[in-house]
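**Q** What follows is coords.cif, made up of mmCIF, C-alpha atoms:
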data_entry
#
loop_
_atom_site.group_PDB
_atom_site.id
_atom_site.type_symbol
_atom_site.label_atom_id
_atom_site.label_comp_id
_atom_site.auth_asym_id
_atom_site.auth_seq_id
_atom_site.Cartn_x
_atom_site.Cartn_y
_atom_site.Cartn_z
ATOM 1 C CA MET Z 59 0.000 0.000 0.000
ATOM 2 C CA SER Z 60 1.256 3.466 -0.911
ATOM 3 C CA PRO Z 61 1.727 5.899 1.966
ATOM 4 C CA LEU Z 62 -1.252 8.154 2.645
ATOM 5 C CA ARG Z 63 -1.359 11.802 3.651
ATOM 6 C CA LEU Z 64 -3.337 12.026 6.915
ATOM 7 C CA LEU Z 65 -4.282 14.875 9.214
ATOM 8 C CA VAL Z 66 -5.083 14.288 12.879
ATOM 9 C CA PHE Z 67 -7.438 16.948 14.283
ATOM 10 C CA LEU Z 68 -7.131 17.578 18.012
ATOM 11 C CA GLY Z 69 -10.388 18.832 19.493
ATOM 12 C CA SER Z 70 -9.374 20.249 22.861
ATOM 13 C CA THR Z 71 -7.793 23.523 23.953
ATOM 14 C CA ARG Z 72 -8.232 23.090 27.710
ATOM 15 C CA GLU Z 73 -5.330 23.323 30.118
ATOM 16 C CA GLY Z 74 -4.065 19.845 31.005
ATOM 17 C CA ARG Z 75 -5.852 18.312 28.000
ATOM 18 C CA GLN Z 76 -5.550 14.540 27.686
ATOM 19 C CA GLY Z 77 -6.263 14.654 23.955
ATOM 20 C CA GLU Z 78 -2.800 15.943 23.115
ATOM 21 C CA LYS Z 79 -1.240 12.720 24.408
ATOM 22 C CA ILE Z 80 -3.766 10.621 22.488
ATOM 23 C CA ALA Z 81 -3.280 12.615 19.287
ATOM 24 C CA ASN Z 82 0.516 12.315 19.530
ATOM 25 C CA TYR Z 83 0.156 8.557 19.996
ATOM 26 C CA VAL Z 84 -2.135 8.322 16.935
ATOM 27 C CA VAL Z 85 0.394 10.309 14.878
ATOM 28 C CA LYS Z 86 3.187 7.995 16.024
ATOM 29 C CA CYS Z 87 1.177 4.855 15.149
ATOM 30 C CA LEU Z 88 0.361 6.168 11.661
ATOM 31 C CA GLN Z 89 3.976 7.169 11.058
ATOM 32 C CA GLN Z 90 5.052 3.637 12.032
ATOM 33 C CA ARG Z 91 2.790 2.482 9.186
ATOM 34 C CA SER Z 92 4.868 4.734 6.868
ATOM 35 C CA HIS Z 93 2.172 7.359 6.333
ATOM 36 C CA ASP Z 94 2.744 11.110 6.071
ATOM 37 C CA VAL Z 95 0.920 12.497 9.118
ATOM 38 C CA GLU Z 96 0.463 15.939 10.630
ATOM 39 C CA LEU Z 97 -1.309 17.076 13.779
ATOM 40 C CA ILE Z 98 -3.744 19.988 13.485
ATOM 41 C CA ASP Z 99 -3.742 21.543 16.956
ATOM 42 C CA PRO Z 100 -6.094 24.515 17.414
ATOM 43 C CA LEU Z 101 -3.666 26.068 19.914
ATOM 44 C CA LYS Z 102 -0.961 26.179 17.242
ATOM 45 C CA LEU Z 103 -3.004 27.489 14.321
ATOM 46 C CA GLY Z 104 -2.867 31.159 15.162
ATOM 47 C CA SER Z 105 -6.503 31.511 16.191
ATOM 48 C CA ASP Z 106 -6.693 29.549 19.451
ATOM 49 C CA GLY Z 107 -9.293 27.359 17.790
ATOM 50 C CA HIS Z 108 -11.749 30.188 17.197
ATOM 51 C CA VAL Z 109 -12.186 32.468 14.216
ATOM 52 C CA HIS Z 110 -14.714 35.131 13.348
ATOM 53 C CA GLN Z 111 -14.732 34.704 9.586
ATOM 54 C CA PRO Z 112 -14.251 31.292 7.918
ATOM 55 C CA LEU Z 113 -12.021 31.163 4.851
ATOM 56 C CA HIS Z 114 -14.898 30.507 2.434
ATOM 57 C CA PHE Z 115 -16.975 33.428 3.766
ATOM 58 C CA ARG Z 116 -14.264 36.050 3.285
ATOM 59 C CA ARG Z 117 -15.105 38.491 0.509
ATOM 60 C CA ASP Z 118 -11.415 38.902 -0.193
ATOM 61 C CA GLN Z 119 -9.681 35.531 0.144
ATOM 62 C CA SER Z 120 -6.299 37.216 -0.248
ATOM 63 C CA SER Z 121 -6.872 38.863 3.152
ATOM 64 C CA ALA Z 122 -6.898 35.493 4.922
ATOM 65 C CA PRO Z 123 -3.971 34.846 7.290
ATOM 66 C CA ASP Z 124 -1.176 32.665 5.899
ATOM 67 C CA TRP Z 125 -1.796 29.938 8.524
ATOM 68 C CA MET Z 126 -5.416 29.630 7.396
ATOM 69 C CA VAL Z 127 -4.528 29.313 3.708
ATOM 70 C CA ALA Z 128 -1.751 26.812 4.499
ATOM 71 C CA THR Z 129 -4.049 24.665 6.657
ATOM 72 C CA ASN Z 130 -6.734 24.652 3.964
ATOM 73 C CA THR Z 131 -4.144 23.428 1.450
ATOM 74 C CA LYS Z 132 -3.171 20.608 3.838
ATOM 75 C CA ILE Z 133 -6.842 19.610 4.196
ATOM 76 C CA LYS Z 134 -7.333 19.565 0.425
ATOM 77 C CA GLU Z 135 -4.196 17.459 -0.080
ATOM 78 C CA ALA Z 136 -5.021 14.935 2.677
ATOM 79 C CA ASN Z 137 -6.308 11.459 1.818
ATOM 80 C CA ALA Z 138 -7.959 10.890 5.199
ATOM 81 C CA PHE Z 139 -8.461 12.324 8.677
ATOM 82 C CA VAL Z 140 -8.477 11.141 12.283
ATOM 83 C CA ILE Z 141 -10.557 13.191 14.702
ATOM 84 C CA VAL Z 142 -9.477 13.073 18.376
ATOM 85 C CA THR Z 143 -12.286 14.549 20.462
ATOM 86 C CA PRO Z 144 -13.238 14.785 24.095
ATOM 87 C CA GLU Z 145 -16.843 14.876 25.233
ATOM 88 C CA TYR Z 146 -17.883 18.222 26.714
ATOM 89 C CA ASN Z 147 -21.326 18.292 28.319
ATOM 90 C CA CYS Z 148 -22.484 15.282 26.276
ATOM 91 C CA ALA Z 149 -21.442 16.997 23.030
ATOM 92 C CA LEU Z 150 -18.508 18.065 20.840
ATOM 93 C CA PRO Z 151 -15.993 20.642 22.100
ATOM 94 C CA PRO Z 152 -16.284 24.098 20.508
ATOM 95 C CA ALA Z 153 -12.580 24.154 19.570
ATOM 96 C CA LEU Z 154 -13.074 21.168 17.255
ATOM 97 C CA THR Z 155 -16.155 22.484 15.466
ATOM 98 C CA SER Z 156 -14.752 26.005 15.208
ATOM 99 C CA THR Z 157 -11.412 24.786 13.858
ATOM 100 C CA MET Z 158 -12.931 22.508 11.237
ATOM 101 C CA ASN Z 159 -15.648 24.993 10.252
ATOM 102 C CA GLN Z 160 -13.004 27.550 9.286
ATOM 103 C CA TYR Z 161 -12.548 25.697 6.000
ATOM 104 C CA PRO Z 162 -14.946 25.023 3.113
ATOM 105 C CA PRO Z 163 -16.705 21.647 2.900
ATOM 106 C CA ASP Z 164 -15.185 21.178 -0.571
ATOM 107 C CA SER Z 165 -11.763 20.841 1.072
ATOM 108 C CA TYR Z 166 -12.970 17.776 3.039
ATOM 109 C CA ARG Z 167 -15.364 16.270 0.503
ATOM 110 C CA HIS Z 168 -15.146 12.589 -0.507
ATOM 111 C CA LYS Z 169 -12.584 11.749 2.168
ATOM 112 C CA PRO Z 170 -12.790 9.266 5.047
ATOM 113 C CA CYS Z 171 -12.376 10.091 8.699
ATOM 114 C CA ALA Z 172 -11.965 8.023 11.840
ATOM 115 C CA ILE Z 173 -13.160 9.096 15.289
ATOM 116 C CA VAL Z 174 -11.204 8.645 18.511
ATOM 117 C CA CYS Z 175 -13.244 9.883 21.480
ATOM 118 C CA TYR Z 176 -12.416 10.031 25.162
ATOM 119 C CA SER Z 177 -13.686 11.173 28.526
ATOM 120 C CA MET Z 178 -12.820 11.105 32.190
ATOM 121 C CA GLY Z 179 -15.957 9.036 32.799
ATOM 122 C CA GLN Z 180 -16.872 5.453 32.006
ATOM 123 C CA PHE Z 181 -18.543 6.009 28.606
ATOM 124 C CA GLY Z 182 -15.393 7.124 26.798
ATOM 125 C CA GLY Z 183 -16.912 10.059 24.950
ATOM 126 C CA VAL Z 184 -19.323 7.996 22.849
ATOM 127 C CA ARG Z 185 -21.915 10.794 22.929
ATOM 128 C CA ALA Z 186 -19.356 13.105 21.337
ATOM 129 C CA ALA Z 187 -18.752 10.462 18.665
ATOM 130 C CA ALA Z 188 -22.499 10.315 18.009
ATOM 131 C CA PHE Z 189 -22.519 14.089 17.450
ATOM 132 C CA ALA Z 190 -19.330 13.924 15.378
ATOM 133 C CA ARG Z 191 -20.756 11.644 12.669
ATOM 134 C CA PRO Z 192 -23.431 14.064 11.341
ATOM 135 C CA PHE Z 193 -21.084 17.039 11.791
ATOM 136 C CA LEU Z 194 -18.330 15.371 9.749
ATOM 137 C CA SER Z 195 -20.873 14.198 7.186
ATOM 138 C CA GLU Z 196 -22.029 17.796 6.651
ATOM 139 C CA LEU Z 197 -18.431 18.683 5.855
ATOM 140 C CA GLY Z 198 -18.516 15.978 3.168
ATOM 141 C CA MET Z 199 -16.592 13.220 4.923
ATOM 142 C CA ILE Z 200 -17.363 9.532 5.362
ATOM 143 C CA SER Z 201 -16.713 8.178 8.857
ATOM 144 C CA THR Z 202 -15.353 4.674 9.366
ATOM 145 C CA PRO Z 203 -17.636 2.036 10.937
ATOM 146 C CA SER Z 204 -15.409 1.655 14.013
ATOM 147 C CA VAL Z 205 -14.843 4.262 16.713
ATOM 148 C CA CYS Z 206 -12.128 4.058 19.347
ATOM 149 C CA ALA Z 207 -13.717 5.119 22.650
ATOM 150 C CA ILE Z 208 -11.373 5.710 25.580
ATOM 151 C CA PRO Z 209 -13.075 5.741 29.004
ATOM 152 C CA GLN Z 210 -11.401 7.056 32.160
ATOM 153 C CA VAL Z 211 -8.592 8.423 30.026
ATOM 154 C CA GLN Z 212 -6.482 9.777 32.878
ATOM 155 C CA GLY Z 213 -3.238 7.864 33.294
ATOM 156 C CA LYS Z 214 -3.618 5.705 30.161
ATOM 157 C CA PHE Z 215 -1.265 7.757 27.979
ATOM 158 C CA SER Z 216 2.188 9.194 28.484
ATOM 159 C CA ASP Z 217 4.196 11.057 25.853
ATOM 160 C CA GLU Z 218 3.380 9.152 22.635
ATOM 161 C CA GLU Z 219 2.740 5.891 24.519
ATOM 162 C CA CYS Z 220 -0.411 4.010 25.564
ATOM 163 C CA THR Z 221 -0.409 1.798 28.653
ATOM 164 C CA ASP Z 222 -3.773 0.096 28.027
ATOM 165 C CA GLU Z 223 -3.816 -3.019 25.832
ATOM 166 C CA ARG Z 224 -7.561 -2.763 25.067
ATOM 167 C CA ILE Z 225 -7.123 0.771 23.743
ATOM 168 C CA LYS Z 226 -4.112 -0.303 21.659
ATOM 169 C CA LYS Z 227 -6.133 -3.133 20.119
ATOM 170 C CA ASN Z 228 -9.158 -0.921 19.370
ATOM 171 C CA LEU Z 229 -7.000 1.855 17.973
ATOM 172 C CA ASP Z 230 -5.131 -0.608 15.758
ATOM 173 C CA LYS Z 231 -8.472 -1.783 14.311
ATOM 174 C CA LEU Z 232 -9.512 1.839 13.704
ATOM 175 C CA LEU Z 233 -6.231 2.643 11.959
ATOM 176 C CA ASP Z 234 -6.591 -0.456 9.766
ATOM 177 C CA GLU Z 235 -9.987 0.868 8.695
ATOM 178 C CA ILE Z 236 -8.900 4.442 7.982
ATOM 179 C CA GLN Z 237 -5.918 3.111 6.051
ATOM 180 C CA TRP Z 238 -8.178 0.865 3.935
ATOM 181 C CA TYR Z 239 -10.803 3.558 3.317
ATOM 182 C CA GLY Z 240 -8.145 6.182 2.637
ATOM 183 C CA ALA Z 241 -6.438 4.023 0.008
ATOM 184 C CA ALA Z 242 -9.680 2.838 -1.627
ATOM 185 C CA ILE Z 243 -11.301 6.271 -1.852
ATOM 186 C CA SER Z 244 -8.059 7.911 -3.025
ATOM 187 C CA GLN Z 245 -7.832 5.403 -5.876
ATOM 188 C CA LYS Z 246 -11.458 6.054 -6.845
ATOM 189 C CA ILE Z 247 -10.979 9.837 -6.747
ATOM 190 C CA LYS Z 248 -7.898 9.491 -8.945
ATOM 191 C CA ALA Z 249 -9.638 7.132 -11.384
ATOM 192 C CA ASP Z 250 -12.649 9.434 -11.731
ATOM 193 C CA GLY Z 251 -10.559 12.587 -11.958
ATOM 194 C CA ILE Z 252 -12.342 14.261 -9.043
ATOM 195 C CA PRO Z 253 -10.423 17.413 -8.053
#
For the file at hand, write its structure as structure tokens.

**A**
Amino acid sequence: MSPLRLLVFLGSTREGRQGEKIANYVVKCLQQRSHDVELIDPLKLGSDGHVHQPLHFRRDQSSAPDWMVATNTKIKEANAFVIVTPEYNCALPPALTSTMNQYPPDSYRHKPCAIVCYSMGQFGGVRAAAFARPFLSELGMISTPSVCAIPQVQGKFSDEECTDERIKKNLDKLLDEIQWYGAAISQKIKADGIP
């Protein structure tokens, strides 16, 4: 299988966020599979995860900040995405939706995404995953059948390492799926000449 270009979206901007450790581990796992992977962290984009005017609603696109144009190019060039999201109040975090909504749906269209959700509680963020599917679909993406839910996340990740065998197994299954969907859909897009 040819290497894929993947973006990992981190959905949290809170102090002490657990998602950063998870996202770094996902990046590491995908790189070990020889894929080209980059983390999209709202705290490092230049907007703190919030923007007043999305790229596609700007009257003058040339006035958009360089970081916004560069990130949109990365989204358009990606073959697939992994979304790492916490559950905030039984829903998606605003940093995730604001970050992803900064870019036009055409940049995401016809591409697969996988969902990794987590929480401090016992349900592992599955309610956030349930909200994520229609949100990602509206952006034009296809979510994989599997979701990796991580309950009671505290203490299960260190810097780029996971200490829980169940999570490793579930994440490996999820990455197999995003790899398969990413390769299959990329081939179809290329064959059909879809821009």

**Q** Do you have, as JSON lines, the list of residues of stretch 63-152 of chain Z lying at most 6 Å from stretch 209-220 of chain Z, each with its nearest atom pair and that distance in Å to one decimal, counting all atoms listed in the file and ordered by chain then number?

**A**
{"residue": "Z:Lys79", "atom": "CA", "partner": "Z:Asp217", "partner_atom": "CA", "distance": 5.9}
{"residue": "Z:Asn82", "atom": "CA", "partner": "Z:Glu218", "partner_atom": "CA", "distance": 5.3}
{"residue": "Z:Tyr83", "atom": "CA", "partner": "Z:Glu218", "partner_atom": "CA", "distance": 4.2}

**Q** Write out as a list in words which residues come within 10 Å of Z:Pro170 when counting all atoms listed in the file, dropping same-chain ones fewer than 6 positions away.

**A**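 With the cut-off at 10 Å, the set is Ala136, Asn137, Ala138, Phe139, Val140, Leu194, Ser195, Gly198, Met199, Ile200, Ser201, Thr202, Glu235, Ile236, Gln237, Trp238, Tyr239, Gly240, Ala241, Ala242, Ile243 and Ser244 of chain Z.
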
**Q** Name the residues captured by the PyMOL selection byres ((chain Z and resi 122) around 12) when it is applied to the shown file; answer as a list in words.

**A**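 Evaluating the PyMOL selection byres ((chain Z and resi 122) around 12) on this file yields Gly104, Ser105, Val109, His110, Gln111, Pro112, Leu113, His114, Phe115, Arg116, Arg117, Asp118, Gln119, Ser120, Ser121, Pro123, Asp124, Trp125, Met126, Val127, Ala128, Thr129, Asn130, Gln160 and Tyr161 of chain Z.
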
**Q** Hey, what's within 10 Å of Z:Val142 if we count all atoms listed in the file and toss same-chain stuff fewer than 4 positions away? As a list in words, please?

**A** Val66, Phe67, Leu68, Gly69, Ser70, Gly77, Glu78, Ile80, Ala81, Val84, Leu154, Ala172, Ile173, Val174, Cys175, Tyr176, Ala187, Cys206 and Ala207 of chain Z

**Q** Please, what distance in Å, to one decimal, runs between atom CA of Z:Leu197 and atom CA of Z:Leu101?

**A**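 Rounded to one decimal, the two atoms are 21.7 Å apart.
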
**Q** Using atom CA of Z:Asp164 and atom CA of Z:Val205 as the two end points, give the distance in Å to one decimal.

**A**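 If I compute the distance from atom CA of Z:Asp164 to atom CA of Z:Val205, I get 24.2 Å.
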
**Q** Identify, on the basis of all atoms listed in the file, every residue whose closest approach to Z:Arg72 does not exceed 12 Å; exclude the query and any residue fewer than 6 positions from it along the same chain; express the result as a ChimeraX atom specification.

**A** /Z:78,99-101,106-107,143-144,146,151-154

**Q** Keeping only C-alpha atoms, write those residues as a CSV table (one decimal), keeping the file's coordinate frame.

**A**
chain,number,residue,atom,x,y,z
Z,78,GLU,CA,-2.8,15.9,23.1
Z,99,ASP,CA,-3.7,21.5,17.0
Z,100,PRO,CA,-6.1,24.5,17.4
Z,101,LEU,CA,-3.7,26.1,19.9
Z,106,ASP,CA,-6.7,29.5,19.5
Z,107,GLY,CA,-9.3,27.4,17.8
Z,143,THR,CA,-12.3,14.5,20.5
Z,144,PRO,CA,-13.2,14.8,24.1
Z,146,TYR,CA,-17.9,18.2,26.7
Z,151,PRO,CA,-16.0,20.6,22.1
Z,152,PRO,CA,-16.3,24.1,20.5
Z,153,ALA,CA,-12.6,24.2,19.6
Z,154,LEU,CA,-13.1,21.2,17.3

**Q** I'd like the interatomic distance between atom CA of Z:Leu233 and atom CA of Z:Ile133, to a tenth of an Å.

**A**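 About the pair atom CA of Z:Leu233 and atom CA of Z:Ile133: they are 18.7 Å apart.
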
**Q** Taking all atoms of stretch 68-72 of chain Z that appear in the file, build a box with edges along x, y and z, extend it by 6 Å on every side, and state its centre and edge lengths in Å to one decimal, as AutoDock Vina command-line options.

**A**
--center_x -8.8 --center_y 20.6 --center_z 22.9 --size_x 15.3 --size_y 17.9 --size_z 21.7

**Q** Taking into account all atoms listed in the file, which residue in the set Z:Arg191, Z:Lys86, Z:Arg63, Z:Arg91 is nearest to Z:Asp234?

**A** Z:Arg91

**Q** For Z:Gln90, which of Z:Gln76, Z:Ala188, Z:Gln180, Z:Pro61 is the closest residue, counting all atoms listed in the file?

**A**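 Once distances to Z:Gln90 are computed over all atoms listed in the file, the minimum belongs to Z:Pro61.
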
**Q** Would you please work out which residue, of Z:Cys148, Z:Glu223, Z:Phe193, Z:Ser177, is nearest to Z:Ile208 when using only C-alpha atoms?

**A**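 Among the listed residues, the smallest separation from Z:Ile208 belongs to Z:Ser177.
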
**Q** Skip Z:Ala149 itself and residues of its chain fewer than 5 positions away, then list as a list in words all residues within 8 Å of it, counting all atoms listed in the file.

**A** Arg185, Ala186 and Phe189 of chain Z

**Q** For stretch 148-174 of chain Z, supply N, CA, C and O atoms and report the output as a PDB file, keeping the file's coordinate frame.

**A**
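The resulting file, part24.pdb, is shown below:
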ATOM      1  N   CYS Z 148     -21.781  16.230  27.149  1.00  0.00           N
ATOM      2  CA  CYS Z 148     -22.484  15.282  26.276  1.00  0.00           C
ATOM      3  C   CYS Z 148     -22.451  15.701  24.807  1.00  0.00           C
ATOM      4  O   CYS Z 148     -23.302  15.281  24.020  1.00  0.00           O
ATOM      5  N   ALA Z 149     -21.487  16.510  24.410  1.00  0.00           N
ATOM      6  CA  ALA Z 149     -21.442  16.997  23.030  1.00  0.00           C
ATOM      7  C   ALA Z 149     -19.990  17.179  22.581  1.00  0.00           C
ATOM      8  O   ALA Z 149     -19.057  16.807  23.277  1.00  0.00           O
ATOM      9  N   LEU Z 150     -19.834  17.784  21.389  1.00  0.00           N
ATOM     10  CA  LEU Z 150     -18.508  18.065  20.840  1.00  0.00           C
ATOM     11  C   LEU Z 150     -17.934  19.339  21.461  1.00  0.00           C
ATOM     12  O   LEU Z 150     -18.672  20.270  21.779  1.00  0.00           O
ATOM     13  N   PRO Z 151     -16.611  19.424  21.579  1.00  0.00           N
ATOM     14  CA  PRO Z 151     -15.993  20.642  22.100  1.00  0.00           C
ATOM     15  C   PRO Z 151     -16.034  21.752  21.047  1.00  0.00           C
ATOM     16  O   PRO Z 151     -15.889  21.488  19.848  1.00  0.00           O
ATOM     17  N   PRO Z 152     -16.219  22.996  21.469  1.00  0.00           N
ATOM     18  CA  PRO Z 152     -16.284  24.098  20.508  1.00  0.00           C
ATOM     19  C   PRO Z 152     -15.000  24.299  19.721  1.00  0.00           C
ATOM     20  O   PRO Z 152     -15.042  24.745  18.574  1.00  0.00           O
ATOM     21  N   ALA Z 153     -13.844  23.977  20.299  1.00  0.00           N
ATOM     22  CA  ALA Z 153     -12.580  24.154  19.570  1.00  0.00           C
ATOM     23  C   ALA Z 153     -12.536  23.274  18.326  1.00  0.00           C
ATOM     24  O   ALA Z 153     -12.012  23.686  17.289  1.00  0.00           O
ATOM     25  N   LEU Z 154     -13.080  22.065  18.410  1.00  0.00           N
ATOM     26  CA  LEU Z 154     -13.074  21.168  17.255  1.00  0.00           C
ATOM     27  C   LEU Z 154     -13.977  21.701  16.149  1.00  0.00           C
ATOM     28  O   LEU Z 154     -13.569  21.815  14.992  1.00  0.00           O
ATOM     29  N   THR Z 155     -15.211  22.027  16.497  1.00  0.00           N
ATOM     30  CA  THR Z 155     -16.155  22.484  15.466  1.00  0.00           C
ATOM     31  C   THR Z 155     -15.716  23.819  14.879  1.00  0.00           C
ATOM     32  O   THR Z 155     -15.803  24.028  13.668  1.00  0.00           O
ATOM     33  N   SER Z 156     -15.204  24.711  15.719  1.00  0.00           N
ATOM     34  CA  SER Z 156     -14.752  26.005  15.208  1.00  0.00           C
ATOM     35  C   SER Z 156     -13.545  25.837  14.284  1.00  0.00           C
ATOM     36  O   SER Z 156     -13.482  26.441  13.216  1.00  0.00           O
ATOM     37  N   THR Z 157     -12.601  25.007  14.687  1.00  0.00           N
ATOM     38  CA  THR Z 157     -11.412  24.786  13.858  1.00  0.00           C
ATOM     39  C   THR Z 157     -11.797  24.211  12.503  1.00  0.00           C
ATOM     40  O   THR Z 157     -11.387  24.720  11.461  1.00  0.00           O
ATOM     41  N   MET Z 158     -12.594  23.169  12.499  1.00  0.00           N
ATOM     42  CA  MET Z 158     -12.931  22.508  11.237  1.00  0.00           C
ATOM     43  C   MET Z 158     -13.862  23.349  10.378  1.00  0.00           C
ATOM     44  O   MET Z 158     -13.797  23.305   9.150  1.00  0.00           O
ATOM     45  N   ASN Z 159     -14.722  24.143  11.004  1.00  0.00           N
ATOM     46  CA  ASN Z 159     -15.648  24.993  10.252  1.00  0.00           C
ATOM     47  C   ASN Z 159     -14.986  26.214   9.628  1.00  0.00           C
ATOM     48  O   ASN Z 159     -15.632  26.952   8.889  1.00  0.00           O
ATOM     49  N   GLN Z 160     -13.721  26.434   9.899  1.00  0.00           N
ATOM     50  CA  GLN Z 160     -13.004  27.550   9.286  1.00  0.00           C
ATOM     51  C   GLN Z 160     -12.756  27.312   7.797  1.00  0.00           C
ATOM     52  O   GLN Z 160     -12.427  28.253   7.072  1.00  0.00           O
ATOM     53  N   TYR Z 161     -12.927  26.059   7.355  1.00  0.00           N
ATOM     54  CA  TYR Z 161     -12.548  25.697   6.000  1.00  0.00           C
ATOM     55  C   TYR Z 161     -13.759  25.188   5.224  1.00  0.00           C
ATOM     56  O   TYR Z 161     -14.673  24.600   5.798  1.00  0.00           O
ATOM     57  N   PRO Z 162     -13.775  25.392   3.909  1.00  0.00           N
ATOM     58  CA  PRO Z 162     -14.946  25.023   3.113  1.00  0.00           C
ATOM     59  C   PRO Z 162     -15.159  23.511   3.052  1.00  0.00           C
ATOM     60  O   PRO Z 162     -14.187  22.740   3.006  1.00  0.00           O
ATOM     61  N   PRO Z 163     -16.412  23.082   3.022  1.00  0.00           N
ATOM     62  CA  PRO Z 163     -16.705  21.647   2.900  1.00  0.00           C
ATOM     63  C   PRO Z 163     -16.033  20.999   1.687  1.00  0.00           C
ATOM     64  O   PRO Z 163     -15.654  19.831   1.743  1.00  0.00           O
ATOM     65  N   ASP Z 164     -15.847  21.744   0.615  1.00  0.00           N
ATOM     66  CA  ASP Z 164     -15.185  21.178  -0.571  1.00  0.00           C
ATOM     67  C   ASP Z 164     -13.770  20.692  -0.273  1.00  0.00           C
ATOM     68  O   ASP Z 164     -13.271  19.799  -0.951  1.00  0.00           O
ATOM     69  N   SER Z 165     -13.124  21.269   0.723  1.00  0.00           N
ATOM     70  CA  SER Z 165     -11.763  20.841   1.072  1.00  0.00           C
ATOM     71  C   SER Z 165     -11.756  19.449   1.705  1.00  0.00           C
ATOM     72  O   SER Z 165     -10.775  18.721   1.605  1.00  0.00           O
ATOM     73  N   TYR Z 166     -12.855  19.078   2.358  1.00  0.00           N
ATOM     74  CA  TYR Z 166     -12.970  17.776   3.039  1.00  0.00           C
ATOM     75  C   TYR Z 166     -13.678  16.708   2.196  1.00  0.00           C
ATOM     76  O   TYR Z 166     -13.576  15.525   2.493  1.00  0.00           O
ATOM     77  N   ARG Z 167     -14.415  17.136   1.197  1.00  0.00           N
ATOM     78  CA  ARG Z 167     -15.364  16.270   0.503  1.00  0.00           C
ATOM     79  C   ARG Z 167     -14.743  14.993  -0.068  1.00  0.00           C
ATOM     80  O   ARG Z 167     -13.624  15.000  -0.555  1.00  0.00           O
ATOM     81  N   HIS Z 168     -15.510  13.910   0.036  1.00  0.00           N
ATOM     82  CA  HIS Z 168     -15.146  12.589  -0.507  1.00  0.00           C
ATOM     83  C   HIS Z 168     -13.935  11.966   0.188  1.00  0.00           C
ATOM     84  O   HIS Z 168     -13.222  11.172  -0.415  1.00  0.00           O
ATOM     85  N   LYS Z 169     -13.726  12.311   1.457  1.00  0.00           N
ATOM     86  CA  LYS Z 169     -12.584  11.749   2.168  1.00  0.00           C
ATOM     87  C   LYS Z 169     -13.053  11.071   3.447  1.00  0.00           C
ATOM     88  O   LYS Z 169     -14.001  11.522   4.080  1.00  0.00           O
ATOM     89  N   PRO Z 170     -12.384   9.987   3.828  1.00  0.00           N
ATOM     90  CA  PRO Z 170     -12.790   9.266   5.047  1.00  0.00           C
ATOM     91  C   PRO Z 170     -12.187   9.878   6.301  1.00  0.00           C
ATOM     92  O   PRO Z 170     -11.137  10.526   6.255  1.00  0.00           O
ATOM     93  N   CYS Z 171     -12.884   9.651   7.407  1.00  0.00           N
ATOM     94  CA  CYS Z 171     -12.376  10.091   8.699  1.00  0.00           C
ATOM     95  C   CYS Z 171     -12.667   9.022   9.749  1.00  0.00           C
ATOM     96  O   CYS Z 171     -13.648   8.284   9.641  1.00  0.00           O
ATOM     97  N   ALA Z 172     -11.796   8.944  10.718  1.00  0.00           N
ATOM     98  CA  ALA Z 172     -11.965   8.023  11.840  1.00  0.00           C
ATOM     99  C   ALA Z 172     -12.108   8.859  13.104  1.00  0.00           C
ATOM    100  O   ALA Z 172     -11.530   9.944  13.210  1.00  0.00           O
ATOM    101  N   ILE Z 173     -12.882   8.356  14.061  1.00  0.00           N
ATOM    102  CA  ILE Z 173     -13.160   9.096  15.289  1.00  0.00           C
ATOM    103  C   ILE Z 173     -12.548   8.378  16.491  1.00  0.00           C
ATOM    104  O   ILE Z 173     -12.827   7.198  16.730  1.00  0.00           O
ATOM    105  N   VAL Z 174     -11.729   9.104  17.231  1.00  0.00           N
ATOM    106  CA  VAL Z 174     -11.204   8.645  18.511  1.00  0.00           C
ATOM    107  C   VAL Z 174     -11.802   9.589  19.554  1.00  0.00           C
ATOM    108  O   VAL Z 174     -11.585  10.805  19.502  1.00  0.00           O
TER     109      VAL Z 174
END
